[in-house]
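Working notes, structure below.
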Amino acid sequence: MQVLEFGGIFGLAMLLLDAIRDRDGVAKWPNLFATAISAFLFGMLEVFGWSVLHGGIALLFWVVLLAAFGVGFVIRRGRKRTEIASKMR
């Protein structure tokens with residue numbers, strides 16, 4: 001439960017910061033998914049400390065970390081396609 005509490009607080013803070021900056025992509029699914037994954041990672045690190053890298057919970061941590069990198073790659077690739085398409089018009 002503490003992982004969800006710390007992660008939820010961190011996720012809300014990230015969403016509020018994006019809303020204050022008035023970014024267009026705040027409510028898009030990839031950004032929301034990336035925020036949720038990063039908040040979960042933050043919560044795991046906050047609760048378990050560096051022991052999250054050892055033992056049984058390490059598998060979950062590495063899977064979530066790889067998912068975070070995958071989502072970041074997809075978001076970046078989508079933005080590049082949009083930029084290229086807008087330049088060709």
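Following the order of the structure tokens, first chain is A, next is B, and so on, with residues numbered from 1 inside each chain and ligands from 1 in the order they appear.
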
Leaving out range 48-65 of chain A and any residue of its chain fewer than 6 positions from it, which residues lie within 12 Å of it when counting only C-alpha atoms, given as a PyMOL selection string? chain A and resi 2-3+6+33-34+36-42+71-72
